[in-house]
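Participant: Data: target_27.txt, compact mmCIF, C-alpha atoms.
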# COMPACT_ATOMS: atom_id res chain seq x y z
CA MET N 208 94.33 140.82 112.89
CA THR N 209 95.17 142.22 116.38
CA ASP N 210 93.01 141.07 119.29
CA THR N 211 92.28 144.07 121.51
CA SER N 212 90.52 142.03 124.20
CA GLY N 213 93.76 140.94 125.87
CA THR N 214 93.15 137.24 125.21
CA THR N 215 94.95 134.93 122.82
CA PRO N 216 93.48 135.29 119.29
CA THR N 217 91.57 132.35 117.88
CA VAL N 218 93.36 130.86 114.87
CA ILE N 219 91.20 130.05 111.84
CA GLY N 220 92.83 127.32 109.77
CA ARG N 221 93.38 127.09 106.00
CA ARG N 222 90.50 124.65 105.46
CA THR N 223 87.87 126.67 107.31
CA VAL N 224 85.17 128.97 106.09
CA LEU N 225 82.32 130.72 107.79
CA ILE N 226 79.08 128.79 107.69
CA ALA N 227 76.36 131.34 108.32
CA THR N 228 72.88 129.95 107.88
CA GLY N 229 69.53 131.09 109.15
CA ALA N 230 69.79 133.65 111.95
CA THR N 231 73.58 133.78 111.69
CA ALA N 232 73.41 134.75 108.01
CA VAL N 233 70.91 137.45 108.80
CA SER N 234 73.03 138.83 111.61
CA LEU N 235 76.00 139.16 109.27
CA ALA N 236 74.03 140.78 106.46
CA VAL N 237 71.89 143.23 108.47
CA ALA N 238 73.46 145.70 110.86
CA ALA N 239 71.71 146.53 114.12
CA ALA N 240 70.67 150.07 115.06
CA PRO N 241 73.66 152.16 116.25
CA GLU N 242 74.37 152.09 119.98
CA ALA N 243 77.14 153.40 122.18
CA PRO N 244 80.35 151.63 121.12
CA THR N 245 81.68 148.85 123.31
CA ALA N 246 84.87 146.82 123.17
CA GLU N 247 82.91 143.82 121.90
CA ALA N 248 81.14 145.79 119.15
CA ALA N 249 84.31 147.50 117.97
CA ASP N 250 86.33 144.29 117.61
CA PRO N 251 85.16 141.88 114.83
CA ALA N 252 87.23 139.02 116.29
CA PRO N 253 84.45 137.64 118.55
CA VAL N 254 82.16 137.12 115.53
CA ALA N 255 84.78 135.08 113.66
CA ALA N 256 85.86 133.21 116.78
CA ALA N 257 82.30 132.16 117.58
CA ALA N 258 81.58 130.91 114.07
CA VAL N 259 81.66 127.26 113.01
CA CYS N 260 83.78 127.01 109.86
CA THR N 261 84.02 124.33 107.18
CA LEU N 262 84.65 124.10 103.45
CA THR N 263 81.54 123.76 101.27
CA LYS N 264 81.76 120.50 99.34
CA GLU N 265 82.13 120.34 95.58
CA MET N 266 79.45 118.33 93.78
CA THR N 267 78.75 117.27 90.24
CA GLU N 268 77.66 119.88 87.68
CA GLY N 269 75.11 117.47 86.24
CA PRO N 270 73.92 117.20 82.62
CA TYR N 271 71.76 120.33 82.40
CA TYR N 272 74.22 123.25 82.60
CA LEU N 273 74.09 125.90 79.84
CA ASP N 274 76.80 128.54 79.31
CA GLY N 275 76.14 132.25 79.03
CA GLN N 276 73.03 132.67 81.14
CA LEU N 277 71.58 136.04 82.14
CA VAL N 278 72.84 138.11 85.07
CA ARG N 279 69.61 138.89 86.91
CA ALA N 280 68.21 138.77 90.43
CA ASP N 281 64.88 137.14 89.49
CA ILE N 282 65.12 133.94 87.42
CA SER N 283 61.52 132.75 87.86
CA GLU N 284 60.15 134.26 84.63
CA ASP N 285 56.55 133.04 84.26
CA LYS N 286 57.05 129.70 85.99
CA THR N 287 54.35 128.58 88.40
CA GLY N 288 55.41 127.44 91.85
CA ILE N 289 55.73 128.86 95.34
CA PRO N 290 58.19 131.73 95.93
CA LEU N 291 61.78 131.00 96.91
CA GLN N 292 64.03 133.83 98.11
CA LEU N 293 67.69 132.77 98.28
CA THR N 294 70.39 134.56 100.28
CA LEU N 295 73.76 133.03 99.44
CA THR N 296 76.92 134.41 101.07
CA VAL N 297 80.29 133.67 99.45
CA VAL N 298 83.41 133.65 101.65
CA ASP N 299 87.08 132.86 101.13
CA ASP N 300 88.02 129.53 102.70
CA SER N 301 91.40 130.70 103.99
CA THR N 302 90.26 133.88 105.72
CA CYS N 303 86.46 133.67 106.16
CA ALA N 304 86.34 137.07 104.41
CA PRO N 305 83.37 137.79 102.09
CA LEU N 306 84.08 137.80 98.34
CA ASN N 307 83.00 140.97 96.57
CA SER N 308 81.81 140.91 92.92
CA ALA N 309 81.71 137.11 92.72
CA LEU N 310 79.04 135.85 90.32
CA VAL N 311 76.73 133.33 91.97
CA GLU N 312 74.96 131.37 89.22
CA ILE N 313 72.14 128.89 89.80
CA TRP N 314 69.93 126.66 87.69
CA HIS N 315 67.20 124.18 88.57
CA CYS N 316 64.14 122.39 87.25
CA ASP N 317 60.56 123.66 87.44
CA ALA N 318 57.64 122.15 89.35
CA LEU N 319 57.30 119.42 86.70
CA GLY N 320 60.99 118.50 86.93
CA GLU N 321 61.88 120.04 83.56
CA TYR N 322 65.01 122.12 82.86
CA SER N 323 64.96 124.95 80.34
CA GLY N 324 66.81 123.86 77.22
CA PHE N 325 65.95 120.21 77.96
CA VAL N 326 62.16 120.17 78.33
CA GLY N 327 60.73 116.68 77.85
CA ASN N 328 63.51 114.82 79.63
CA ASN N 329 61.23 114.33 82.63
CA GLY N 330 58.25 113.27 80.56
CA HIS N 331 56.25 116.52 80.49
CA ASP N 332 55.40 118.73 77.53
CA GLU N 333 55.66 122.51 77.99
CA PRO N 334 57.19 125.56 76.24
CA ASP N 335 60.99 125.80 76.39
CA ASN N 336 62.76 129.15 75.98
CA GLY N 337 66.15 127.91 77.19
CA THR N 338 66.37 130.51 80.00
CA PHE N 339 63.74 129.89 82.67
CA LEU N 340 65.08 129.19 86.16
CA ARG N 341 68.64 130.05 85.14
CA GLY N 342 70.82 133.05 85.98
CA GLY N 343 72.94 134.70 88.59
CA VAL N 344 73.97 137.88 90.37
CA LEU N 345 77.16 139.53 91.61
CA THR N 346 77.83 139.60 95.33
CA GLY N 347 78.16 142.89 97.16
CA SER N 348 80.98 143.89 99.49
CA ASP N 349 79.32 141.70 102.16
CA GLY N 350 79.64 138.64 99.89
CA VAL N 351 75.85 138.28 99.65
CA ALA N 352 73.94 137.32 96.51
CA ARG N 353 70.13 137.45 96.62
CA ILE N 354 68.18 135.55 93.98
CA THR N 355 64.43 135.11 93.58
CA SER N 356 63.04 131.92 92.05
CA VAL N 357 60.41 129.26 92.72
CA TYR N 358 60.75 126.17 94.86
CA PRO N 359 62.12 123.44 92.56
CA GLY N 360 60.33 120.25 91.60
CA TRP N 361 62.08 116.94 91.04
CA TYR N 362 63.08 114.63 88.24
CA ARG N 363 63.62 110.91 88.04
CA GLY N 364 66.31 109.61 90.40
CA ARG N 365 67.13 112.89 92.17
CA CYS N 366 65.83 114.69 95.23
CA VAL N 367 64.80 118.35 95.10
CA HIS N 368 67.93 120.48 94.59
CA ILE N 369 69.46 123.55 92.93
CA HIS N 370 72.78 123.65 91.07
CA VAL N 371 75.19 126.47 91.87
CA LYS N 372 78.47 127.84 90.53
CA VAL N 373 80.64 130.66 91.84
CA HIS N 374 82.76 132.66 89.37
CA THR N 375 85.17 135.56 89.89
CA ASP N 376 86.51 138.23 87.51
CA VAL N 377 83.69 137.80 84.99
CA THR N 378 82.96 140.37 82.29
CA LEU N 379 79.35 141.49 81.90
CA THR N 380 78.20 141.55 78.28
CA ASP N 381 75.85 143.87 76.40
CA ASP N 382 73.21 141.15 76.06
CA GLY N 383 72.83 140.86 79.85
CA SER N 384 75.00 137.78 80.24
CA PHE N 385 78.64 137.29 81.30
CA THR N 386 81.85 135.81 79.95
CA GLY N 387 85.34 134.84 81.12
CA GLY N 388 86.49 134.76 84.70
CA GLN N 389 87.48 131.90 86.95
CA GLU N 390 85.15 129.19 88.22
CA LEU N 391 85.81 128.70 91.95
CA HIS N 392 83.04 126.35 93.03
CA THR N 393 80.46 123.94 91.64
CA GLY N 394 77.94 122.52 94.06
CA GLN N 395 74.29 121.87 94.83
CA LEU N 396 71.76 123.25 97.29
CA PHE N 397 69.38 120.93 99.11
CA PHE N 398 66.05 121.23 100.93
CA ASP N 399 64.76 119.86 104.23
CA GLU N 400 62.65 116.77 103.53
CA THR N 401 59.84 117.76 105.90
CA ILE N 402 59.31 121.04 104.05
CA THR N 403 59.60 119.42 100.62
CA THR N 404 56.91 116.91 101.60
CA ARG N 405 54.52 119.79 102.35
CA VAL N 406 55.40 121.57 99.10
CA ALA N 407 55.04 118.40 97.04
CA ALA N 408 51.41 118.10 98.19
CA LEU N 409 50.48 121.43 96.56
CA ALA N 410 48.59 121.07 93.27
CA VAL N 411 51.25 122.60 91.00
CA TYR N 412 53.88 120.14 92.28
CA ALA N 413 51.55 117.15 92.62
CA ALA N 414 51.03 117.40 88.84
CA ASN N 415 54.58 116.03 88.43
CA THR N 416 53.98 112.42 87.44
CA VAL N 417 57.51 111.20 88.24
CA PRO N 418 58.07 109.41 91.58
CA ARG N 419 59.97 111.64 94.01
CA THR N 420 63.38 110.62 95.39
CA THR N 421 63.79 111.75 99.00
CA LEU N 422 66.83 113.49 100.47
CA ALA N 423 67.84 110.29 102.26
CA GLN N 424 67.56 108.27 99.03
CA ASP N 425 69.53 110.72 96.89
CA SER N 426 72.79 109.48 95.36
CA ILE N 427 74.52 112.90 95.53
CA TYR N 428 73.63 114.38 98.92
CA ASP N 429 75.86 112.86 101.61
CA ASP N 430 74.01 113.96 104.76
CA GLY N 431 76.67 116.57 105.53
CA GLY N 432 74.25 119.35 106.44
CA ALA N 433 75.24 122.91 105.56
CA ALA N 434 78.71 121.82 104.46
CA SER N 435 77.02 119.68 101.81
CA GLY N 436 74.66 122.44 100.68
CA LEU N 437 71.64 121.98 102.97
CA LEU N 438 69.78 125.28 103.05
CA THR N 439 68.31 126.85 106.18
CA LEU N 440 64.67 127.44 105.23
CA THR N 441 62.31 129.99 106.77
CA ALA N 442 58.60 130.16 105.96
CA LEU N 443 57.43 133.38 104.29
CA GLY N 444 53.89 132.92 105.58
CA SER N 445 51.57 130.69 107.55
CA SER N 446 51.16 128.06 104.81
CA PRO N 447 53.56 126.33 102.37
CA SER N 448 51.95 128.14 99.43
CA ALA N 449 53.41 131.44 100.74
CA GLY N 450 56.89 130.17 99.95
CA TYR N 451 60.24 130.05 101.73
CA ALA N 452 63.46 131.96 102.22
CA GLY N 453 66.64 129.88 101.93
CA ALA N 454 70.05 130.87 103.32
CA LEU N 455 73.52 129.34 103.10
CA THR N 456 77.14 130.44 103.10
CA LEU N 457 79.33 128.99 100.34
CA GLY N 458 82.94 128.58 101.37
CA VAL N 459 85.17 128.60 98.29
CA GLU N 460 88.89 128.34 97.54
CA SER N 461 90.09 131.53 95.95
What would the structure in this file look like if it were written as structure tokens?
Facilitator:
Amino acid sequence: MTDTSGTTPTVIGRRTVLIATGATAVSLAVAAAPEAPTAEAADPAPVAAAAVCTLTKEMTEGPYYLDGQLVRADISEDKTGIPLQLTLTVVDDSTCAPLNSALVEIWHCDALGEYSGFVGNNGHDEPDNGTFLRGGVLTGSDGVARITSVYPGWYRGRCVHIHVKVHTDVTLTDDGSFTGGQELHTGQLFFDETITTRVAALAVYAANTVPRTTLAQDSIYDDGGAASGLLTLTALGSSPSAGYAGALTLGVES
């Protein structure tokens, strides 16, 4: 890319990816109202040069993955819990460029710590249709995938988290699922402990009878912040029951 500012271009290395969380993610996804063009606005180099870049860490898939889940933007079904609105941006680790048409797939437990397809493993009895809180969406040209769910609960030995995979070149099927493609990333998304403590006090989550493992006690999360999957969370209202928006950029090797 040519730098029109007259300064030496900033080099972005092979092992770097754009980490855009919180306000940064919003600024990349939402364009401002048009103004008179300036040299800074016309040249995208300052945005990339100002960004902090790192590769998102791979983490274990865990025991509760199920193949062939639905491609859908809302995976909450009829599950109780506070709203969670995820904005996940997928970028190429060698260029920081957004990945178009990548399938971002997530799965997580409900407020009682139960996974669909495995209900009872956390000691609670409830209906199991094998699909709740599972699914994914394709990214747009901006690399963004938006998924609606509920704030996860917890199960024995693990902190609150969401599992995530990124696939490319998938084929959508007639039954609303997907097949084929290449799996580029397997990781987990994590939640700020202060916010989780507030959520855990709400009645629907307090009904979970299993002791909660904190973020600091977790055996998987390595305290690496956004590079290790820590979401930037923004309250959707004045109380925890209103829910949260979560944002993170996933840097993947393509």
Participant: For a quick check of your reading of the model, name the residues lying within 9 Å of the coordinate (63.5, 128.4, 79.5), counting all atoms listed in the file, and write them as a list in words.
Facilitator: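 The residues near that point, listed by chain and number, are Glu284, Tyr322, Ser323, Gly324, Phe325, Val326, Pro334, Asp335, Asn336, Gly337, Thr338, Phe339, Leu340 and Arg341 of chain N.
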Participant: Kindly provide the residues of segment 304-356 of chain N that approach segment 367-379 of chain N to within 8 Å, each paired with its closest atom pair and their distance in Å to one decimal, based on only C-alpha atoms, listed by chain and increasing number, as JSON lines.
Facilitator:
{"residue": "N:Ser308", "atom": "CA", "partner": "N:Thr375", "partner_atom": "CA", "distance": 7.0}
{"residue": "N:Ala309", "atom": "CA", "partner": "N:Thr375", "partner_atom": "CA", "distance": 4.7}
{"residue": "N:Leu310", "atom": "CA", "partner": "N:His374", "partner_atom": "CA", "distance": 5.0}
{"residue": "N:Val311", "atom": "CA", "partner": "N:Val373", "partner_atom": "CA", "distance": 4.7}
{"residue": "N:Glu312", "atom": "CA", "partner": "N:Lys372", "partner_atom": "CA", "distance": 5.1}
{"residue": "N:Ile313", "atom": "CA", "partner": "N:Val371", "partner_atom": "CA", "distance": 4.4}
{"residue": "N:Trp314", "atom": "CA", "partner": "N:His370", "partner_atom": "CA", "distance": 5.3}
{"residue": "N:His315", "atom": "CA", "partner": "N:Ile369", "partner_atom": "CA", "distance": 5.0}
{"residue": "N:Cys316", "atom": "CA", "partner": "N:Ile369", "partner_atom": "CA", "distance": 7.9}
Participant: Excluding Ala408 of chain N and residues on its chain fewer than 4 positions from it, collect all residues at most 12 Å away from it, counting only C-alpha atoms, and give them as an NGL selection string.
Facilitator: :N and (288-289 or 318 or 360 or 401-404 or 412-415 or 419 or 446-448)
Participant: Could you give me, as JSON, numbers by chain, the residues that have an atom at most 7 Å away from the point (69.9, 139.0, 99.6) in the coordinates of the file, using all atoms listed in the file?
Facilitator: {"N": [293, 294, 351, 352, 353, 354]}
Participant: Would you mind listing what lies within 10 Å of Gly330 of chain N as JSON, numbers by chain, with only C-alpha atoms counted and same-chain residues fewer than 4 positions away left out?
Facilitator: {"N": [319, 320, 321, 326, 362, 363, 415, 416, 417]}
Participant: I want to know what sits within 8 Å of Leu291 of chain N, based on only C-alpha atoms, with residues of the same chain fewer than 5 positions away left out; could you give that as a tab-separated table (two decimals) with C-alpha atoms, in the coordinates of the input?
Facilitator:
chain	number	residue	atom	x	y	z
N	355	THR	CA	64.43	135.11	93.58
N	356	SER	CA	63.04	131.92	92.05
N	357	VAL	CA	60.41	129.26	92.72
N	358	TYR	CA	60.75	126.17	94.86
N	450	GLY	CA	56.89	130.17	99.95
N	451	TYR	CA	60.24	130.05	101.73
N	452	ALA	CA	63.46	131.96	102.22
N	453	GLY	CA	66.64	129.88	101.93
Participant: Which distance in Å separates atom CA of Gly394 of chain N and atom CA of Lys264 of chain N, to one decimal?
Facilitator: 6.8 Å
Participant: Which residue, N:Ala304, N:Val297, N:Leu273, N:Ala434, has the smallest gap to Gly350 of chain N when you use only C-alpha atoms?
Facilitator: N:Val297
Participant: Please write out, as JSON, where the centre of an axis-aligned box around all listed atoms of segment 349-364 of chain N lies and how long its edges are, in Å to one decimal, after adding 3 Å on each side.
Facilitator:
{"center_x": 70.0, "center_y": 125.7, "center_z": 95.1, "size_x": 25.3, "size_y": 38.1, "size_z": 20.1}
Participant: Smallest atom-to-atom distance to Ala454 of chain N: which of N:Ser301, N:Gln276, N:Ser283, N:Gln292, using only C-alpha atoms?
Facilitator: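 Ranking N:Ser301, N:Gln276, N:Ser283, N:Gln292 by distance to Ala454 of chain N, first place goes to N:Gln292.
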Participant: Of the candidates N:Gly343, N:Gly269, N:Gly458, N:Gly275, which one gets nearest to Ser435 of chain N if we count all atoms listed in the file?
Facilitator: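 Going through N:Gly343, N:Gly269, N:Gly458, N:Gly275 one by one, the smallest distance to Ser435 of chain N is for N:Gly458.
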Participant: From the list N:Asp300, N:Asp317, N:Glu268, N:Glu400, which residue is nearest Thr287 of chain N when using only C-alpha atoms?
Facilitator: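 Looking only at the distances to Thr287 of chain N, the closest residue turns out to be N:Asp317.
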Participant: Quick one: distance from atom CA of Tyr272 of chain N to atom CA of Cys366 of chain N in Å, one decimal?
Facilitator: 17.4 Å
Participant: Which distance in Å separates atom CA of Pro305 of chain N and atom CA of Pro359 of chain N, to one decimal?
Facilitator: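 Those two atoms sit 27.4 Å apart.
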Participant: Can you pull out the residues contacting Gln424 of chain N? Cut-off 9 Å, using all atoms listed in the file, and skip same-chain residues under 4 positions away; I want them as a list in words.
Facilitator: Gly364, Arg365, Cys366, Thr420 and Tyr428 of chain N
Participant: If you keep C-alpha atoms, can you produce a file of those selected residues as a compact mmCIF listing (two decimals), in the frame of the given file?
Facilitator:
# COMPACT_ATOMS: atom_id res chain seq x y z
CA GLY N 364 66.31 109.61 90.40
CA ARG N 365 67.13 112.89 92.17
CA CYS N 366 65.83 114.69 95.23
CA THR N 420 63.38 110.62 95.39
CA TYR N 428 73.63 114.38 98.92
